[in-house]
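Text of entry_26.txt (compact mmCIF, C-alpha atoms) as supplied:
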# COMPACT_ATOMS: atom_id res chain seq x y z
CA MET A 1 275.14 146.99 48.35
CA ARG A 2 276.67 150.13 49.85
CA ILE A 3 274.67 151.00 52.97
CA CYS A 4 275.02 154.06 55.19
CA LEU A 5 273.73 153.75 58.76
CA VAL A 6 272.83 157.04 60.45
CA SER A 7 272.23 156.93 64.20
CA GLU A 8 272.40 159.22 67.20
CA THR A 9 273.44 156.22 69.32
CA TRP A 10 275.92 153.37 68.89
CA ALA A 11 277.70 150.79 71.02
CA PRO A 12 278.99 150.80 73.71
CA GLU A 13 275.94 152.87 74.68
CA ILE A 14 273.39 150.54 76.30
CA ASN A 15 269.98 150.80 74.67
CA GLY A 16 267.80 148.92 72.22
CA VAL A 17 268.75 151.01 69.18
CA ALA A 18 272.49 150.53 69.68
CA HIS A 19 272.02 146.82 70.33
CA THR A 20 269.91 146.30 67.21
CA LEU A 21 272.30 148.23 64.97
CA THR A 22 275.30 146.33 66.32
CA GLN A 23 273.68 142.99 65.56
CA LEU A 24 272.53 144.10 62.12
CA SER A 25 275.95 145.49 61.22
CA HIS A 26 277.60 142.17 62.14
CA GLU A 27 275.18 140.31 59.88
CA LEU A 28 275.64 142.79 57.03
CA GLN A 29 279.42 142.59 57.27
CA ALA A 30 279.22 138.79 57.14
CA ARG A 31 277.29 139.14 53.86
CA GLY A 32 279.99 141.37 52.37
CA MET A 33 278.04 144.64 52.46
CA ALA A 34 280.01 147.88 52.36
CA LEU A 35 278.99 149.88 55.42
CA GLN A 36 279.25 153.56 56.20
CA LEU A 37 278.40 154.97 59.61
CA ILE A 38 277.41 158.50 60.61
CA ARG A 39 277.05 159.11 64.34
CA PRO A 40 277.89 161.62 67.10
CA GLN A 41 281.30 161.68 68.71
CA PRO A 42 281.24 159.25 71.70
CA ALA A 43 280.71 160.86 75.09
CA ASP A 44 283.97 159.32 76.38
CA GLY A 45 285.98 161.08 73.68
CA SER A 46 287.29 157.88 72.05
CA ALA A 47 287.58 159.63 68.69
CA SER A 48 290.67 157.75 67.55
CA GLU A 49 289.14 154.27 67.76
CA PRO A 50 287.53 153.30 64.44
CA THR A 51 284.38 151.20 64.47
CA PRO A 52 285.27 147.63 63.40
CA GLY A 53 283.97 146.60 59.99
CA ILE A 54 282.96 150.11 58.91
CA GLN A 55 284.53 151.22 55.62
CA ALA A 56 283.79 154.92 56.00
CA GLU A 57 282.82 156.66 59.23
CA LEU A 58 281.81 160.23 59.94
CA ARG A 59 281.63 161.32 63.57
CA VAL A 60 279.92 164.63 64.16
CA ARG A 61 279.69 166.94 67.13
CA GLY A 62 277.14 165.90 69.71
CA MET A 63 275.43 167.13 72.84
CA SER A 64 274.17 165.24 75.88
CA ILE A 65 270.46 164.88 76.59
CA PRO A 66 269.49 166.39 79.99
CA GLY A 67 269.14 163.55 82.50
CA TYR A 68 270.93 161.14 80.14
CA ARG A 69 274.53 162.31 80.18
CA ALA A 70 275.80 159.14 78.47
CA VAL A 71 273.39 159.59 75.54
CA ARG A 72 274.26 162.17 72.92
CA ILE A 73 272.39 163.54 69.94
CA GLY A 74 274.21 164.66 66.84
CA ILE A 75 274.47 168.26 65.74
CA PRO A 76 273.28 168.81 62.14
CA ALA A 77 276.19 168.27 59.74
CA GLY A 78 274.73 168.63 56.25
CA ARG A 79 277.87 169.90 54.53
CA ARG A 80 280.09 167.16 55.94
CA ILE A 81 277.54 164.49 55.09
CA GLN A 82 277.19 165.82 51.54
CA ARG A 83 280.98 165.80 51.03
CA LEU A 84 281.12 162.18 52.23
CA TRP A 85 278.30 161.04 49.95
CA GLN A 86 279.57 162.92 46.93
CA ALA A 87 282.91 161.14 47.36
CA GLN A 88 281.47 157.75 48.38
CA ARG A 89 277.82 157.61 47.37
CA PRO A 90 275.82 154.91 49.19
CA ASP A 91 273.11 152.90 47.43
CA VAL A 92 270.71 153.43 50.32
CA VAL A 93 270.67 155.24 53.67
CA TYR A 94 269.14 153.79 56.83
CA LEU A 95 267.98 156.45 59.31
CA ALA A 96 267.82 154.74 62.69
CA THR A 97 266.97 157.86 64.70
CA GLN A 98 264.97 161.02 64.11
CA GLY A 99 267.14 163.48 66.00
CA PRO A 100 268.93 166.51 64.51
CA LEU A 101 271.52 164.27 62.83
CA GLY A 102 268.83 162.09 61.30
CA TRP A 103 266.98 165.11 59.89
CA SER A 104 270.25 166.50 58.54
CA ALA A 105 271.09 163.25 56.75
CA ARG A 106 267.54 162.99 55.42
CA ARG A 107 267.75 166.44 53.78
CA VAL A 108 271.06 165.64 52.11
CA ALA A 109 269.92 162.23 50.86
CA ARG A 110 266.78 163.70 49.30
CA ARG A 111 268.83 166.48 47.70
CA LEU A 112 271.21 163.90 46.18
CA GLY A 113 268.48 161.45 45.23
CA ILE A 114 269.70 158.65 47.52
CA PRO A 115 266.96 156.19 48.63
CA LEU A 116 266.00 156.37 52.30
CA VAL A 117 264.74 153.75 54.74
CA ALA A 118 263.89 154.81 58.29
CA GLY A 119 263.44 152.79 61.47
CA TRP A 120 260.93 153.30 64.27
CA HIS A 121 262.86 152.40 67.40
CA THR A 122 261.31 154.70 70.02
CA ASN A 123 257.75 155.51 71.09
CA PHE A 124 258.23 159.27 71.35
CA ASP A 125 254.59 159.99 72.09
CA HIS A 126 254.74 157.73 75.15
CA TYR A 127 257.86 159.51 76.40
CA CYS A 128 256.00 162.84 76.26
CA GLY A 129 253.52 161.53 78.83
CA ASP A 130 256.24 160.04 81.03
CA TYR A 131 258.12 163.34 81.19
CA GLY A 132 255.17 165.62 81.84
CA VAL A 133 254.65 167.16 78.40
CA PRO A 134 251.70 165.18 76.94
CA TRP A 135 250.60 168.28 75.01
CA LEU A 136 253.75 167.94 72.90
CA ALA A 137 252.84 164.45 71.58
CA PRO A 138 250.49 165.53 68.71
CA LEU A 139 253.00 168.09 67.42
CA LEU A 140 255.82 165.56 67.68
CA MET A 141 253.81 162.93 65.80
CA ARG A 142 253.13 165.37 62.96
CA GLY A 143 256.84 166.02 62.61
CA LEU A 144 257.65 162.32 62.71
CA ARG A 145 254.99 161.55 60.10
CA HIS A 146 256.60 164.14 57.81
CA PHE A 147 260.03 162.59 58.47
CA HIS A 148 258.96 159.01 57.73
CA ASN A 149 256.63 159.68 54.82
CA GLY A 150 259.55 161.19 52.94
CA CYS A 151 261.28 157.79 52.94
CA GLN A 152 260.92 154.85 50.55
CA ALA A 153 260.17 152.47 53.45
CA ASN A 154 259.77 152.54 57.24
CA LEU A 155 260.69 149.59 59.43
CA VAL A 156 258.72 148.92 62.61
CA PRO A 157 259.22 145.96 64.98
CA THR A 158 255.65 144.63 65.31
CA ARG A 159 252.41 144.38 63.36
CA GLN A 160 250.67 146.12 66.28
CA GLN A 161 253.01 149.09 65.88
CA ALA A 162 252.51 149.17 62.12
CA ASP A 163 248.73 149.25 62.51
CA ASP A 164 248.94 152.04 65.09
CA LEU A 165 251.22 154.20 62.95
CA ALA A 166 249.12 153.57 59.85
CA SER A 167 246.10 154.89 61.73
CA HIS A 168 248.10 158.12 62.27
CA GLY A 169 248.85 158.52 58.57
CA PHE A 170 252.29 156.89 58.38
CA GLU A 171 252.98 155.25 55.01
CA ARG A 172 255.09 152.48 53.48
CA LEU A 173 255.40 150.52 56.72
CA GLU A 174 257.26 147.20 56.86
CA VAL A 175 257.47 144.90 59.89
CA MET A 176 260.93 143.74 60.95
CA GLY A 177 261.23 142.08 64.34
CA ARG A 178 264.36 141.61 66.40
CA GLY A 179 266.62 138.63 66.92
CA ILE A 180 268.37 137.03 69.85
CA ASP A 181 271.95 135.82 70.13
CA GLN A 182 271.40 132.11 70.70
CA THR A 183 275.03 131.57 71.67
CA ARG A 184 274.94 134.18 74.42
CA PHE A 185 271.71 133.51 76.34
CA SER A 186 271.03 130.02 77.64
CA PRO A 187 269.48 128.25 80.66
CA GLY A 188 272.76 126.33 80.83
CA LEU A 189 274.44 129.39 82.37
CA ARG A 190 272.44 128.99 85.60
CA CYS A 191 274.80 129.47 88.55
CA ALA A 192 274.13 128.00 92.00
CA GLU A 193 276.87 130.17 93.50
CA LEU A 194 275.22 133.36 92.23
CA ARG A 195 271.89 132.24 93.67
CA ARG A 196 273.56 131.65 97.03
CA CYS A 197 274.87 135.22 96.87
CA TRP A 198 271.24 136.26 96.53
CA GLY A 199 270.39 134.20 99.63
CA VAL A 200 268.31 131.47 98.00
CA ASP A 201 268.59 127.80 97.14
CA GLU A 202 267.05 125.97 94.19
CA HIS A 203 263.64 125.81 95.86
CA SER A 204 263.06 129.54 96.35
CA PRO A 205 262.07 131.81 93.44
CA VAL A 206 264.16 134.64 92.05
CA ALA A 207 262.41 137.51 90.27
CA LEU A 208 264.55 139.59 87.92
CA HIS A 209 264.17 142.93 86.16
CA VAL A 210 266.67 144.27 83.60
CA GLY A 211 266.53 147.74 82.12
CA ARG A 212 267.27 151.42 82.40
CA LEU A 213 265.92 152.82 85.65
CA ALA A 214 264.05 155.84 84.39
CA ALA A 215 260.55 157.29 84.46
CA GLU A 216 259.40 155.80 81.15
CA LYS A 217 259.94 152.23 82.44
CA ASN A 218 256.86 152.20 84.72
CA LEU A 219 258.96 151.70 87.84
CA THR A 220 256.09 152.50 90.20
CA LEU A 221 254.37 149.31 89.10
CA LEU A 222 257.64 147.38 89.35
CA ARG A 223 258.07 148.56 92.95
CA GLU A 224 254.49 147.70 93.90
CA THR A 225 254.74 144.29 92.28
CA LEU A 226 257.96 143.38 94.07
CA HIS A 227 256.41 144.40 97.41
CA ALA A 228 253.35 142.24 96.72
CA MET A 229 255.45 139.25 95.66
CA ARG A 230 257.61 139.45 98.78
CA SER A 231 254.49 139.46 100.95
CA ALA A 232 253.37 136.25 99.23
CA ARG A 233 256.83 134.61 99.18
CA PRO A 234 259.08 136.05 101.91
CA ASP A 235 261.78 133.54 101.00
CA MET A 236 262.20 134.82 97.44
CA ALA A 237 265.08 136.90 96.06
CA GLN A 238 264.58 139.95 93.87
CA VAL A 239 267.25 141.34 91.56
CA ILE A 240 267.34 144.52 89.46
CA VAL A 241 270.03 144.89 86.80
CA GLY A 242 270.56 148.32 85.30
CA ASP A 243 271.09 151.92 86.25
CA GLY A 244 269.56 155.32 85.68
CA PRO A 245 268.20 158.46 87.33
CA ALA A 246 265.57 156.55 89.34
CA ARG A 247 267.95 154.04 90.91
CA ARG A 248 268.50 155.89 94.17
CA SER A 249 264.79 156.26 94.92
CA LEU A 250 264.17 152.60 94.06
CA GLU A 251 266.94 151.45 96.38
CA LYS A 252 265.33 153.38 99.23
CA ALA A 253 261.90 151.90 98.48
CA LEU A 254 263.20 148.35 97.98
CA PRO A 255 265.93 147.72 100.57
CA GLU A 256 265.70 143.92 100.22
CA VAL A 257 266.34 143.97 96.46
CA HIS A 258 269.78 143.24 95.00
CA PHE A 259 270.78 146.15 92.73
CA THR A 260 273.69 145.39 90.42
CA GLY A 261 273.95 148.50 88.24
CA PHE A 262 275.17 147.90 84.69
CA ILE A 263 277.09 144.64 84.37
CA SER A 264 279.14 142.96 81.65
CA PRO A 265 277.39 141.01 78.87
CA LYS A 266 278.75 137.75 80.27
CA ASP A 267 277.47 138.50 83.77
CA LEU A 268 274.13 139.64 82.37
CA ALA A 269 273.57 136.27 80.68
CA ARG A 270 274.46 134.51 83.94
CA HIS A 271 272.02 136.68 85.91
CA TYR A 272 269.22 135.91 83.49
CA ALA A 273 269.80 132.17 83.64
CA SER A 274 270.07 132.13 87.43
CA ALA A 275 266.64 133.70 87.97
CA ASP A 276 263.21 132.06 87.59
CA MET A 277 260.85 134.87 86.61
CA PHE A 278 261.25 138.10 84.67
CA LEU A 279 259.13 141.19 85.36
CA PHE A 280 258.65 143.73 82.60
CA PRO A 281 255.99 146.38 83.35
CA SER A 282 257.12 148.93 80.73
CA LEU A 283 254.89 150.20 77.92
CA SER A 284 257.40 152.60 76.38
CA GLU A 285 259.28 150.06 74.24
CA THR A 286 258.75 149.49 70.55
CA TRP A 287 260.21 145.99 71.05
CA GLY A 288 262.02 145.39 74.35
CA ASN A 289 265.12 143.23 73.73
CA VAL A 290 265.17 142.12 77.35
CA VAL A 291 261.98 140.05 76.85
CA PRO A 292 263.44 137.60 74.29
CA GLU A 293 266.73 137.60 76.22
CA ALA A 294 264.88 136.45 79.33
CA MET A 295 262.92 133.87 77.34
CA ALA A 296 266.08 132.49 75.74
CA SER A 297 267.53 132.15 79.24
CA GLY A 298 264.60 129.98 80.33
CA LEU A 299 262.60 132.50 82.36
CA ALA A 300 258.85 132.85 82.71
CA VAL A 301 258.10 136.45 81.72
CA VAL A 302 255.30 138.56 83.20
CA ALA A 303 254.59 141.52 80.92
CA TYR A 304 251.91 143.63 79.34
CA ARG A 305 250.51 142.37 76.02
CA HIS A 306 252.63 144.85 74.13
CA ALA A 307 255.66 144.98 71.80
CA ALA A 308 257.87 141.85 71.95
CA ALA A 309 255.74 140.25 74.65
CA ALA A 310 252.64 140.45 72.45
CA GLU A 311 254.55 138.86 69.56
CA LEU A 312 256.37 136.11 71.42
CA ILE A 313 254.35 135.09 74.48
CA ASP A 314 251.40 132.73 74.36
CA SER A 315 250.00 133.68 77.77
CA GLY A 316 249.74 130.72 80.12
CA THR A 317 252.09 128.60 78.01
CA ASN A 318 255.48 130.31 77.75
CA GLY A 319 254.86 133.30 80.02
CA VAL A 320 252.05 135.54 81.21
CA THR A 321 250.75 138.67 79.51
CA VAL A 322 247.94 140.95 80.65
CA THR A 323 246.03 143.79 79.02
CA ALA A 324 248.27 146.80 78.48
CA GLY A 325 247.85 149.32 81.30
CA ASN A 326 246.04 146.99 83.73
CA ALA A 327 248.37 147.38 86.71
CA GLU A 328 246.25 145.27 89.06
CA ALA A 329 246.26 142.35 86.62
CA PHE A 330 250.04 142.64 86.26
CA ARG A 331 250.60 142.51 90.03
CA ASP A 332 248.15 139.64 90.49
CA ALA A 333 249.77 137.62 87.71
CA ALA A 334 253.26 138.02 89.19
CA VAL A 335 252.11 137.19 92.72
CA ALA A 336 250.24 134.09 91.54
CA LEU A 337 253.13 132.83 89.44
CA CYS A 338 255.79 133.14 92.14
CA GLN A 339 253.78 130.75 94.33
CA HIS A 340 253.80 127.91 91.78
CA PRO A 341 257.36 126.67 91.07
CA ALA A 342 256.29 123.89 88.73
CA ARG A 343 254.32 126.38 86.63
CA TYR A 344 257.06 128.98 86.22
CA ALA A 345 259.62 126.25 85.51
CA GLN A 346 257.42 124.77 82.77
CA MET A 347 256.82 128.20 81.27
CA GLY A 348 260.54 128.90 81.29
CA ARG A 349 261.27 125.76 79.30
CA ALA A 350 258.59 126.66 76.77
CA ALA A 351 259.91 130.24 76.56
CA HIS A 352 263.39 128.97 75.71
CA LEU A 353 261.98 126.87 72.87
CA ARG A 354 259.95 129.82 71.53
CA SER A 355 263.00 132.08 71.50
CA GLN A 356 264.83 129.76 69.12
CA ALA A 357 262.82 131.20 66.23
CA CYS A 358 264.22 134.71 66.85
CA ARG A 359 267.44 134.59 64.85
CA TRP A 360 269.41 137.59 63.68
CA PRO A 361 270.30 136.12 60.25
CA ALA A 362 266.59 135.99 59.39
CA ILE A 363 266.12 139.57 60.64
CA ALA A 364 269.05 140.73 58.51
CA ASP A 365 267.52 139.03 55.47
CA LYS A 366 264.35 141.07 55.98
CA PHE A 367 266.37 144.26 56.48
CA LEU A 368 268.30 143.73 53.25
CA SER A 369 265.13 142.87 51.35
CA VAL A 370 263.55 146.19 52.33
CA LEU A 371 266.70 148.14 51.49
CA GLU A 372 266.95 146.43 48.11
CA GLN A 373 263.34 147.29 47.32
CA ALA A 374 263.93 150.90 48.35
CA ARG A 375 266.93 151.09 46.04
CA GLU A 376 264.83 149.88 43.12
CA ILE A 377 262.02 152.40 43.63
CA ASP A 378 262.00 155.12 41.00
CA HIS A 379 262.05 158.42 42.91
CA GLU A 380 259.70 159.98 40.40
CA THR A 381 256.99 157.50 41.36
CA THR A 382 257.45 158.08 45.09
CA ARG A 383 254.86 160.35 46.64
CA PRO A 384 256.53 163.78 46.94
CA CYS A 385 257.26 165.17 50.38
CA ARG A 386 258.85 168.50 51.24
CA ILE A 387 262.44 168.37 52.45
As structure tokens, how would this structure be written, given the file I've shared?
Amino acid sequence: MRICLVSETWAPEINGVAHTLTQLSHELQARGMALQLIRPQPADGSASEPTPGIQAELRVRGMSIPGYRAVRIGIPAGRRIQRLWQAQRPDVVYLATQGPLGWSARRVARRLGIPLVAGWHTNFDHYCGDYGVPWLAPLLMRGLRHFHNGCQANLVPTRQQADDLASHGFERLEVMGRGIDQTRFSPGLRCAELRRCWGVDEHSPVALHVGRLAAEKNLTLLRETLHAMRSARPDMAQVIVGDGPARRSLEKALPEVHFTGFISPKDLARHYASADMFLFPSLSETWGNVVPEAMASGLAVVAYRHAAAAELIDSGTNGVTVTAGNAEAFRDAAVALCQHPARYAQMGRAAHLRSQACRWPAIADKFLSVLEQAREIDHETTRPCRI
């Protein structure tokens, strides 16, 4: 199958969309699929470096998102996309993002009669609330419904997400979860030397958070929870991996916390394995790759019953989940857990076992199945939708 991936973001950018597409592309290449890629020019200007494994690549002009200089969205490039597809027509197009580039590719594909599958990787309505424009959410959802309902299939990461979108009129929804690299994340990478750098021995807990430090990540609750945990266990260490516009204010509010910024993949796996608990208060994710990464590393996760945590965590057995939005319950759960080493150790072992079921080859099989079905759909029988 000839597959074209269209995305506003790609590695080495650090986000869930880029990570998912990188893993999927590796699996597709291993199966002998012919891949095209359409994406914005990288922010670092590395235009001359081709993407490994991609047979045809189109890089378009991009512009940075305010507040996210490293993230770029693609400028519409309909004519260039049409020339590419007229010369090398794909069997199916996967639209990973719904930015200007995604809309541009969608119009061309519909004009040429190429089947479309779209992915839901971002909760845009939630972001509207986080950035002070909640009034924009209904208008945005109408536009997104139009975008997705013009596709042969739409991939969402959880059944919960599929049910929610269906209630808003989204059609042809298919659930495709996310995998975990079993060779990369492991409790065996635990490092006593790293823990000593954090000022703790094997008997004191380490609480870890990994993610972009931005408004949509519910950092107020993270800060409050870390304060409450330190009051209960003054001997504990607290580590935050990641960077973003809110880092400076967090560092001022949490002077005892170890902030690492962005670190290498190898160091990230070592940081996971060297902690004991993982805190994830965000509600903006559609999945949240960091949750299964933490579980695979043997950590007890405290999270809202949402996205990946709702799918993977049996609360009280391999982690703790609380009702989405209940900040008090989240804080109380984290404080209680950090005071019971045997409990968080047992949960971490169970979490590692649960994560073994999240394998990228199985996710890629689902992805290909949906794309194959989309290719076989007769366009005349597909419900019409304006371009």
List the neighbours of Met33 in chain A out to 8 Å using all atoms listed in the file; skip same-chain residues closer than 6 positions along the sequence, and give me the result as a short mmCIF file (atom, residue, chain, number, x, y, z; two decimals) with C-alpha atoms, keeping the file's coordinate frame.
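So the final result, stored in result.cif, reads:
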data_model
loop_
_atom_site.label_atom_id
_atom_site.label_comp_id
_atom_site.auth_asym_id
_atom_site.auth_seq_id
_atom_site.Cartn_x
_atom_site.Cartn_y
_atom_site.Cartn_z
CA MET A 1 275.14 146.99 48.35
CA ARG A 2 276.67 150.13 49.85
CA ILE A 3 274.67 151.00 52.97
#
Quiz item: Could you pull the residues within 7 Å of Leu37 in chain A, counting all atoms listed in the file, minus those fewer than 2 positions along the same chain, as JSON, numbers by chain?
Solution: {"A": [4, 5, 6, 35, 39, 54, 56, 57, 58]}
Quiz item: Quick one: of A:Leu194, A:Ile73, A:Gly32, A:Ala237, who's nearest to Gly53 in chain A, counting only C-alpha atoms?
Solution: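 For Gly53 in chain A, the nearest of the candidates is A:Gly32.
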Quiz prompt | Selection as a ChimeraX atom specification: residues within 12 Å of (246.1, 140.3, 88.7), counting only C-alpha atoms | solution = /A:225,228-229,302-304,320-323,325-337
Quiz item: Taking into account all atoms listed in the file, which residue in the set A:Ser274, A:Gln86, A:Gln36, A:Asn123 is nearest to Met141 in chain A?
Solution: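 Residue with the minimum atom-to-atom distance to Met141 in chain A: A:Asn123.
Among the candidates A:Pro281, A:Gly150, A:Gly348, A:Pro341, the one nearest to Val117 in chain A when counting all atoms listed in the file is A:Gly150.
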Practice problem: Have a look at A:Ala364, A:Ala294, A:Leu283, A:Met277 and name the one nearest to His306 in chain A; count all atoms listed in the file. | Solution: A:Leu283
Practice problem: Quick one: everything within 12 Å of Ala350 in chain A, counting all atoms listed in the file, minus sequence neighbours fewer than 3 positions away in the same chain. Send it as an MDAnalysis selection string. | Solution: chainID A and resid 187 294:301 312:320 343:347 353:356
Exercise. Tell me which protein, DNA and RNA residues are within 12 Å of range 162-165 of chain A, counting all atoms listed in the file, leaving out same-chain ones fewer than 2 positions away, and put them as an MDAnalysis selection string.
Key: chainID A and resid 119:120 123 125 141:142 144:145 148:149 154:160 167:177 286 307
Exercise. Measuring atom to atom with only C-alpha atoms, identify which of A:Met236, A:Ile377, A:Thr97, A:Val17 is nearest to His203 in chain A.
Key: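 Of all the options, A:Met236 lies closest to His203 in chain A.
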Quiz item: So what do you get for CA of His271 in chain A versus CA of Asp243 in chain A, distance-wise?
Solution: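 A separation of 15.3 Å between them.
Minimum atom-to-atom distance to Ile81 in chain A, evaluated using all atoms listed in the file, belongs to A:Ile38 out of A:Arg31, A:His26, A:Ile114, A:Ile38.
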Quiz item: Any idea what's packed within 6 Å of Ala118 in chain A, counting all atoms listed in the file, ignoring anything in its chain fewer than 4 positions away? Could you give it as a PyMOL selection string?
Solution: chain A and resi 94-96+154
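CA of His227 in chain A to CA of Phe259 in chain A spans 15.2 Å [interatomic distance, one decimal].
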Quiz item: What does the distance from CA of Arg248 in chain A to CA of Gly288 in chain A come to in Å, to one decimal?
Solution: 23.3 Å
